[in-house]
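File shown: data_1.txt (compact mmCIF, C-alpha atoms).
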```
# COMPACT_ATOMS: atom_id res chain seq x y z
CA MET A 33 14.72 34.51 76.27
CA HIS A 34 13.64 35.41 72.74
CA SER A 35 17.05 35.78 71.19
CA PHE A 36 17.83 34.78 67.63
CA GLY A 37 19.52 31.60 68.83
CA TYR A 38 16.50 30.40 70.76
CA ARG A 39 14.14 31.06 67.89
CA ALA A 40 16.40 29.31 65.40
CA ASN A 41 16.70 26.38 67.78
CA ALA A 42 12.94 26.14 68.26
CA LEU A 43 12.33 26.31 64.52
CA LEU A 44 14.92 23.63 63.79
CA THR A 45 13.59 21.32 66.48
CA PHE A 46 10.04 21.73 65.21
CA ALA A 47 11.08 21.14 61.60
CA ILE A 48 12.99 17.97 62.46
CA THR A 49 10.12 16.68 64.58
CA ILE A 50 7.64 17.18 61.74
CA LEU A 51 10.02 15.56 59.24
CA ALA A 52 10.52 12.54 61.50
CA LEU A 53 6.75 12.26 61.98
CA MET A 54 6.15 12.38 58.24
CA CYS A 55 8.78 9.70 57.64
CA ALA A 56 7.16 7.49 60.28
CA MET A 57 3.71 8.00 58.75
CA ALA A 58 5.00 7.23 55.25
CA SER A 59 6.53 4.02 56.57
CA LEU A 60 3.34 3.06 58.45
CA SER A 61 1.16 3.75 55.42
CA ASP A 62 2.79 0.76 53.70
CA ASN A 63 0.76 -1.47 56.02
CA PHE A 64 -2.44 -0.53 54.16
CA ASN A 65 -1.15 -2.19 51.01
CA THR A 66 -2.02 -5.87 50.62
CA PRO A 67 0.03 -7.09 47.66
CA THR A 68 -1.02 -9.96 45.41
CA PRO A 69 2.09 -10.82 43.41
CA SER A 70 2.42 -13.81 41.13
CA ALA A 71 5.34 -15.69 39.61
CA GLN A 72 6.00 -18.63 37.30
CA VAL A 73 9.32 -20.25 36.55
CA GLN A 74 10.15 -22.92 33.99
CA VAL A 75 13.43 -24.77 33.77
CA LEU A 76 13.85 -24.89 29.99
CA ASN A 77 17.12 -26.74 29.80
CA ILE A 78 19.94 -28.22 31.88
CA ASN A 79 22.93 -26.84 29.99
CA TRP A 80 25.44 -29.00 31.76
CA PHE A 81 25.70 -30.90 35.01
CA GLN A 82 28.97 -32.18 36.36
CA LYS A 83 31.16 -32.86 39.35
CA GLN A 84 33.96 -30.39 39.92
CA PRO A 85 37.49 -31.72 40.59
CA ASN A 86 37.04 -30.78 44.28
CA GLY A 87 33.98 -33.03 44.54
CA ASN A 88 31.17 -30.46 44.48
CA ASP A 89 28.32 -30.83 42.01
CA GLU A 90 27.66 -27.93 39.70
CA VAL A 91 24.74 -27.43 37.37
CA SER A 92 23.98 -24.79 34.76
CA MET A 93 20.41 -24.28 33.63
CA THR A 94 18.30 -22.05 31.44
CA LEU A 95 15.31 -20.48 33.12
CA ASN A 96 12.22 -18.70 31.98
CA ILE A 97 10.99 -16.40 34.75
CA SER A 98 7.79 -14.42 34.56
CA ALA A 99 6.34 -12.39 37.40
CA ASP A 100 3.87 -9.65 38.15
CA LEU A 101 5.01 -7.64 41.16
CA GLN A 102 3.15 -4.41 40.42
CA SER A 103 1.01 -4.66 43.53
CA LEU A 104 4.12 -4.38 45.74
CA PHE A 105 4.66 -0.77 44.77
CA THR A 106 3.31 2.03 46.93
CA TRP A 107 4.18 5.69 47.06
CA ASN A 108 6.88 4.93 49.63
CA THR A 109 8.61 2.27 47.50
CA LYS A 110 12.02 3.13 46.12
CA GLN A 111 12.72 -0.20 44.50
CA VAL A 112 12.00 -3.89 44.74
CA PHE A 113 14.86 -6.34 44.79
CA VAL A 114 13.74 -9.66 43.41
CA PHE A 115 15.68 -12.90 43.26
CA LEU A 116 15.10 -16.52 42.45
CA ALA A 117 16.70 -19.06 44.76
CA ALA A 118 17.00 -22.83 44.52
CA GLU A 119 16.31 -24.38 47.91
CA TYR A 120 16.93 -27.99 48.87
CA GLU A 121 17.99 -30.27 51.70
CA THR A 122 20.96 -32.56 51.81
CA PRO A 123 22.02 -35.11 54.45
CA LYS A 124 24.69 -32.69 55.70
CA ASN A 125 22.78 -29.42 55.36
CA SER A 126 19.26 -28.86 56.60
CA LEU A 127 18.93 -25.92 54.22
CA ASN A 128 20.75 -24.82 51.10
CA GLN A 129 19.70 -21.59 49.43
CA ILE A 130 21.41 -20.65 46.21
CA SER A 131 20.50 -17.49 44.41
CA LEU A 132 20.27 -18.20 40.68
CA TRP A 133 19.09 -14.89 39.32
CA ASP A 134 18.33 -11.46 40.75
CA GLY A 135 17.21 -8.10 39.55
CA ILE A 136 16.32 -4.63 40.72
CA ILE A 137 12.92 -3.28 39.75
CA PRO A 138 13.09 0.51 39.89
CA SER A 139 9.42 1.32 39.25
CA LYS A 140 5.94 -0.07 38.89
CA GLU A 141 6.12 0.09 35.09
CA HIS A 142 8.90 -2.50 35.13
CA ALA A 143 7.29 -4.76 37.70
CA LYS A 144 5.56 -7.05 35.19
CA PHE A 145 8.27 -8.87 33.33
CA TRP A 146 9.48 -12.08 31.86
CA ILE A 147 13.06 -13.03 31.29
CA HIS A 148 14.84 -15.87 29.57
CA THR A 149 18.21 -16.43 31.19
CA SER A 150 20.78 -18.94 32.28
CA ASN A 151 21.67 -18.86 35.97
CA LYS A 152 23.53 -15.67 36.88
CA TYR A 153 25.26 -17.17 39.92
CA ARG A 154 26.87 -20.58 39.92
CA PHE A 155 24.67 -23.38 41.23
CA ILE A 156 27.24 -25.34 43.25
CA ASP A 157 26.40 -27.77 46.03
CA GLN A 158 28.50 -28.31 49.15
CA GLY A 159 29.27 -31.89 48.27
CA SER A 160 27.93 -34.25 45.65
CA ASN A 161 24.21 -34.48 46.31
CA LEU A 162 22.56 -32.97 43.28
CA ARG A 163 21.89 -36.05 41.12
CA GLY A 164 18.15 -36.64 41.06
CA LYS A 165 17.71 -33.99 43.78
CA GLU A 166 14.28 -32.54 44.26
CA TYR A 167 14.36 -28.80 44.90
CA ASN A 168 12.13 -25.76 45.25
CA LEU A 169 12.49 -22.61 43.28
CA THR A 170 11.54 -19.66 45.45
CA MET A 171 10.87 -16.17 44.21
CA HIS A 172 11.91 -13.77 46.97
CA TRP A 173 11.42 -10.05 46.98
CA HIS A 174 12.66 -7.31 49.26
CA VAL A 175 10.83 -4.01 49.17
CA MET A 176 13.13 -1.07 49.81
CA PRO A 177 11.19 1.97 50.98
CA LYS A 178 12.02 5.59 50.38
CA THR A 179 12.17 5.71 54.15
CA GLY A 180 11.31 3.40 57.02
CA LYS A 181 10.85 -0.30 57.42
CA MET A 182 11.99 -2.78 54.80
CA SER A 183 9.76 -5.74 54.06
CA ALA A 184 10.21 -9.07 52.34
CA ASP A 185 8.16 -12.03 51.21
CA LYS A 186 8.33 -14.98 48.84
CA ILE A 187 6.50 -17.44 46.64
CA VAL A 188 7.64 -21.06 46.91
CA MET A 189 7.35 -23.15 43.77
CA PRO A 190 7.96 -26.80 44.68
CA GLY A 191 8.44 -29.90 42.61
CA TYR A 192 11.52 -29.36 40.44
CA ARG A 193 13.99 -32.20 40.00
CA LEU A 194 17.54 -32.34 38.69
CA PRO A 195 18.53 -35.12 36.25
CA ALA A 196 19.74 -38.41 37.69
CA GLU A 197 22.98 -38.45 35.70
CA TYR A 198 25.72 -35.95 34.93
CA ARG A 199 25.64 -34.54 31.43
CA MET B 263 46.36 42.57 80.97
CA GLY B 264 43.21 44.61 80.90
CA TRP B 265 41.41 42.12 78.68
CA ILE B 266 42.45 39.17 80.80
CA GLY B 267 41.38 40.99 83.93
CA GLU B 268 37.98 41.72 82.49
CA THR B 269 37.55 38.10 81.46
CA MET B 270 38.55 36.97 84.94
CA ASP B 271 36.04 39.36 86.44
CA SER B 272 33.26 38.07 84.24
CA VAL B 273 34.15 34.50 85.11
CA LYS B 274 34.21 35.38 88.82
CA SER B 275 30.89 37.15 88.49
CA LEU B 276 29.25 33.86 87.52
CA GLN B 277 27.89 32.44 90.69
CA ILE B 278 29.33 29.08 91.61
CA ARG B 279 25.81 27.69 91.82
CA GLN B 280 25.04 28.67 88.28
CA VAL B 281 28.27 27.20 86.94
CA LEU B 282 27.44 23.93 88.67
CA THR B 283 23.95 23.92 87.17
CA GLN B 284 25.37 24.38 83.69
CA ALA B 285 27.91 21.63 84.24
CA VAL B 286 25.19 19.27 85.42
CA SER B 287 22.96 20.05 82.46
CA LEU B 288 25.87 19.46 80.09
CA GLY B 289 26.51 16.14 81.82
CA MET B 290 22.82 15.25 81.49
CA ILE B 291 22.91 15.79 77.75
CA VAL B 292 26.02 13.65 77.30
CA THR B 293 24.77 10.84 79.54
CA SER B 294 21.29 10.75 78.02
CA ALA B 295 22.84 10.35 74.57
CA LEU B 296 24.92 7.50 75.95
CA ILE B 297 21.87 5.94 77.62
CA ILE B 298 19.90 6.03 74.36
CA TRP B 299 22.77 4.41 72.46
CA LYS B 300 23.29 1.65 75.03
CA ALA B 301 19.54 1.03 75.27
CA LEU B 302 19.41 0.63 71.48
CA MET B 303 22.26 -1.86 71.75
CA CYS B 304 20.28 -3.89 74.26
CA ILE B 305 17.03 -3.76 72.29
CA THR B 306 18.51 -4.62 68.91
CA GLY B 307 21.10 -7.04 70.23
CA SER B 308 23.63 -5.59 67.84
CA GLU B 309 26.89 -4.04 68.92
CA SER B 310 26.23 -1.09 66.63
CA PRO B 311 22.48 -0.57 66.14
CA VAL B 312 22.86 2.15 63.54
CA VAL B 313 25.36 2.20 60.69
CA VAL B 314 26.11 4.69 57.97
CA VAL B 315 26.51 3.44 54.40
CA LEU B 316 29.96 4.42 53.21
CA SER B 317 30.16 2.96 49.72
CA GLY B 318 27.98 2.77 46.65
CA SER B 319 28.07 -1.02 46.40
CA MET B 320 24.38 -1.36 47.28
CA GLU B 321 23.09 1.37 44.95
CA PRO B 322 20.45 2.19 44.02
CA GLY B 323 19.01 0.73 47.22
CA PHE B 324 21.40 2.34 49.63
CA LYS B 325 23.46 5.36 48.74
CA ARG B 326 26.48 6.78 50.50
CA GLY B 327 25.28 8.71 53.53
CA ASP B 328 22.13 6.70 54.19
CA ILE B 329 21.49 5.31 57.65
CA LEU B 330 20.59 1.69 58.34
CA PHE B 331 19.00 0.34 61.51
CA LEU B 332 20.33 -3.06 62.45
CA HIS B 333 18.77 -5.89 64.34
CA MET B 334 20.54 -9.00 65.54
CA SER B 335 17.97 -11.61 66.44
CA LYS B 336 18.32 -15.34 67.00
CA ASP B 337 16.51 -15.97 63.71
CA PRO B 338 18.58 -17.89 61.22
CA ILE B 339 20.17 -15.98 58.36
CA ARG B 340 18.47 -16.46 55.02
CA ALA B 341 19.24 -15.56 51.44
CA GLY B 342 18.19 -12.07 50.40
CA GLU B 343 18.72 -10.45 53.78
CA ILE B 344 21.01 -7.46 53.95
CA VAL B 345 23.62 -8.13 56.60
CA VAL B 346 26.43 -6.10 58.09
CA PHE B 347 29.58 -8.13 58.55
CA ASN B 348 33.14 -7.75 59.71
CA VAL B 349 35.89 -9.55 57.87
CA ASP B 350 39.04 -10.48 59.82
CA GLY B 351 41.73 -7.97 59.02
CA ARG B 352 39.33 -5.25 57.90
CA GLU B 353 38.24 -2.51 60.25
CA ILE B 354 35.22 -1.13 58.46
CA PRO B 355 32.10 -3.31 58.42
CA ILE B 356 30.45 -4.03 55.07
CA VAL B 357 26.73 -3.92 54.25
CA HIS B 358 25.83 -6.45 51.56
CA ARG B 359 23.12 -8.92 50.59
CA VAL B 360 23.21 -12.65 51.27
CA ILE B 361 23.02 -14.70 48.06
CA LYS B 362 23.88 -18.21 49.25
CA VAL B 363 23.17 -20.02 52.50
CA HIS B 364 24.20 -23.50 53.60
CA GLU B 365 22.95 -24.47 57.05
CA ARG B 366 24.31 -27.56 58.81
CA GLU B 367 21.88 -30.25 59.84
CA ASP B 368 23.62 -31.17 63.11
CA THR B 369 25.11 -27.96 64.50
CA GLY B 370 22.96 -25.32 62.84
CA GLU B 371 26.05 -23.43 61.74
CA VAL B 372 25.71 -21.45 58.56
CA ASP B 373 27.96 -20.76 55.62
CA VAL B 374 26.94 -17.52 53.96
CA LEU B 375 28.03 -15.83 50.75
CA THR B 376 27.29 -12.14 50.18
CA LYS B 377 27.28 -9.74 47.27
CA GLY B 378 26.68 -6.02 46.81
CA ASP B 379 23.68 -5.31 44.58
CA ASN B 380 25.75 -2.90 42.51
CA ASN B 381 28.85 -5.10 42.32
CA TYR B 382 29.43 -7.44 39.43
CA GLY B 383 30.78 -10.41 41.35
CA ASP B 384 30.32 -11.90 44.81
CA ASP B 385 32.30 -10.86 47.87
CA ARG B 386 34.94 -13.62 47.99
CA LEU B 387 37.50 -11.04 46.86
CA LEU B 388 36.67 -8.91 49.89
CA TYR B 389 36.92 -11.74 52.39
CA ALA B 390 40.14 -12.70 54.11
CA HIS B 391 42.59 -14.55 51.90
CA GLY B 392 41.31 -18.05 51.17
CA GLN B 393 38.00 -17.48 52.97
CA LEU B 394 35.06 -18.86 51.02
CA TRP B 395 32.18 -18.34 53.41
CA LEU B 396 31.07 -16.03 56.19
CA GLN B 397 30.08 -17.64 59.48
CA ARG B 398 27.63 -16.46 62.08
CA HIS B 399 30.29 -14.70 64.16
CA HIS B 400 31.29 -12.44 61.29
CA ILE B 401 27.80 -10.99 61.10
CA MET B 402 26.98 -7.96 63.24
CA GLY B 403 23.35 -7.60 62.32
CA ARG B 404 20.80 -7.42 59.57
CA ALA B 405 19.36 -4.23 58.19
CA VAL B 406 15.69 -3.75 59.06
CA GLY B 407 15.10 -0.05 58.47
CA PHE B 408 16.37 2.78 56.43
CA LEU B 409 16.66 6.57 56.63
CA PRO B 410 18.12 8.55 53.74
CA TYR B 411 20.79 11.28 53.86
CA VAL B 412 21.10 11.58 57.66
CA GLY B 413 24.46 9.80 57.68
CA TRP B 414 26.10 12.61 55.75
CA VAL B 415 26.56 14.39 59.08
CA THR B 416 28.92 11.68 60.31
CA ILE B 417 30.66 11.28 56.95
CA ILE B 418 31.44 14.99 56.86
CA MET B 419 32.59 14.95 60.47
CA THR B 420 34.98 12.04 59.97
CA GLU B 421 36.41 13.45 56.77
CA LYS B 422 36.71 17.02 58.02
CA PRO B 423 37.41 16.71 61.76
CA ILE B 424 37.71 20.49 62.14
CA ILE B 425 33.95 20.80 61.61
CA LYS B 426 33.40 18.30 64.41
CA TYR B 427 35.47 20.35 66.87
CA ILE B 428 33.78 23.60 65.85
CA LEU B 429 30.37 22.00 66.31
CA ILE B 430 31.21 20.48 69.70
CA GLY B 431 32.76 23.74 70.85
CA ALA B 432 29.77 25.78 69.75
CA LEU B 433 27.31 23.42 71.44
CA GLY B 434 29.34 23.37 74.64
CA LEU B 435 29.50 27.15 74.67
CA LEU B 436 25.77 27.37 74.06
CA VAL B 437 25.00 25.07 76.98
CA ILE B 438 27.42 26.81 79.35
CA THR B 439 26.34 30.35 78.50
CA SER B 440 22.62 29.68 78.29
CA LYS B 441 20.58 31.08 81.15
CA ASP B 442 17.38 29.16 81.67
```
Once more with this new file: its structure as structure tokens, please.
Amino acid sequence: MHSFGYRANALLTFAITILALMCAMASLSDNFNTPTPSAQVQVLNINWFQKQPNGNDEVSMTLNISADLQSLFTWNTKQVFVFLAAEYETPKNSLNQISLWDGIIPSKEHAKFWIHTSNKYRFIDQGSNLRGKEYNLTMHWHVMPKTGKMSADKIVMPGYRLPAEYR
Amino acid sequence: MGWIGETMDSVKSLQIRQVLTQAVSLGMIVTSALIIWKALMCITGSESPVVVVLSGSMEPGFKRGDILFLHMSKDPIRAGEIVVFNVDGREIPIVHRVIKVHEREDTGEVDVLTKGDNNYGDDRLLYAHGQLWLQRHHIMGRAVGFLPYVGWVTIIMTEKPIIKYILIGALGLLVITSKD
């Protein structure tokens, strides 16, 4: 009844239960944080804008992104993955989301940043619908916890428009 | 012969009733594990509710040996989500992030492009030859939760199968020889 095996088993079970409970509590404690992030994006320049030989429009742009995501960080936050996506509608597609830039923020100290960059991923449409197209730029972030539930949110910045002619 | 005889005696000395009880309790353990797994499949709607990260392509978010909980809901797939997908001709599912989404107006079908956070380029090189986009049916689920390190158990067991057999044997022996 009180052999070594039983005691080891009881100890292990208890330890794992406590560990699981602590992980669950750490994950739940994220709910007490109400973040107030902010972001601004400027399109500084359209570097070029053309139709590929296969008929898809492609655009290259220079962006100035500034954001303050410090309030997303809690003690259970391992990193925040942040990306900027262009979102627009076309007659064929009810939604197009194209990631233009992304980054990994490892700690709170790096969560207030600004960056001047051209688009990291190619901005290519499915088809030729980008001339004069109105689009939103959306700052998305995904909070990766040390353990537990992942969470995500976004800021939509509407009212951007691509030029009416290729250049 | 003497040793075998002794062993036979000790086996005979176990009452049949007790042997049956042990067998039933062993069966209970196996079936309850199966029930939990199948219940998770039903709740999450994903054919494999828990996956182990096998590569470092999502570091520093997910490291090798971390466990991901998947959920497969009817919600449309959106950029930024971490999805687990199967590519035709590849056995092992891949966990990567969605970077581009094109959703059809009429049918609601989606074209999805993924990329590992730690990889330089997108995943078109990993897809089947000539495949440009993932469709809905390639996707097994999206990651909703995360538990570090626990997956090392399964990685070790698949890479060193001998440990698996030792562990199973030891557990089986423990259950059979344990007296309430």
Could you list, as an mmCIF file with C-alpha atoms, in the frame of the given file, every residue of chain A that has an atom within 7 Å of an atom of chain B, counting all atoms listed in the file?
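Generated output (part.cif):
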```cif
data_model
loop_
_atom_site.group_PDB
_atom_site.id
_atom_site.type_symbol
_atom_site.label_atom_id
_atom_site.label_comp_id
_atom_site.auth_asym_id
_atom_site.auth_seq_id
_atom_site.Cartn_x
_atom_site.Cartn_y
_atom_site.Cartn_z
ATOM 1 C CA GLN A 111 12.720 -0.200 44.500
ATOM 2 C CA LYS A 124 24.690 -32.690 55.700
ATOM 3 C CA ASN A 125 22.780 -29.420 55.360
ATOM 4 C CA SER A 126 19.260 -28.860 56.600
ATOM 5 C CA LEU A 127 18.930 -25.920 54.220
ATOM 6 C CA ASN A 128 20.750 -24.820 51.100
ATOM 7 C CA GLN A 129 19.700 -21.590 49.430
ATOM 8 C CA ILE A 130 21.410 -20.650 46.210
ATOM 9 C CA SER A 131 20.500 -17.490 44.410
ATOM 10 C CA MET A 176 13.130 -1.070 49.810
ATOM 11 C CA THR A 179 12.170 5.710 54.150
ATOM 12 C CA GLY A 180 11.310 3.400 57.020
ATOM 13 C CA LYS A 181 10.850 -0.300 57.420
ATOM 14 C CA MET A 182 11.990 -2.780 54.800
#
```
**OP:** Measure the distance from CA of Pro338 in chain B to CA of Asn63 in chain A in Å and round it to one decimal.
**Re:**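 Separating CA of Pro338 in chain B from CA of Asn63 in chain A is a distance of 24.8 Å.
CA of Ala118 in chain A is positioned 15.2 Å from CA of Asn77 in chain A.
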Original post:
Just how far from CA of Val357 in chain B is CA of Glu119 in chain A, in Å to one decimal?
Top reply: 23.8 Å
Original post:
Within 9 Å of range 417-433 of chain B, counting only C-alpha atoms, which residues qualify if same-chain residues fewer than 3 places away don't, as a PyMOL selection string?
Top reply: chain B and resi 314+316+326-327+413-414+436-438
Original post:
Between A:Gln102, A:Ser59, A:Thr94, A:Gln72, which one has atoms that come closest to Thr149 in chain A, using only C-alpha atoms?
Top reply: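 Closest to Thr149 in chain A of all the choices is A:Thr94.
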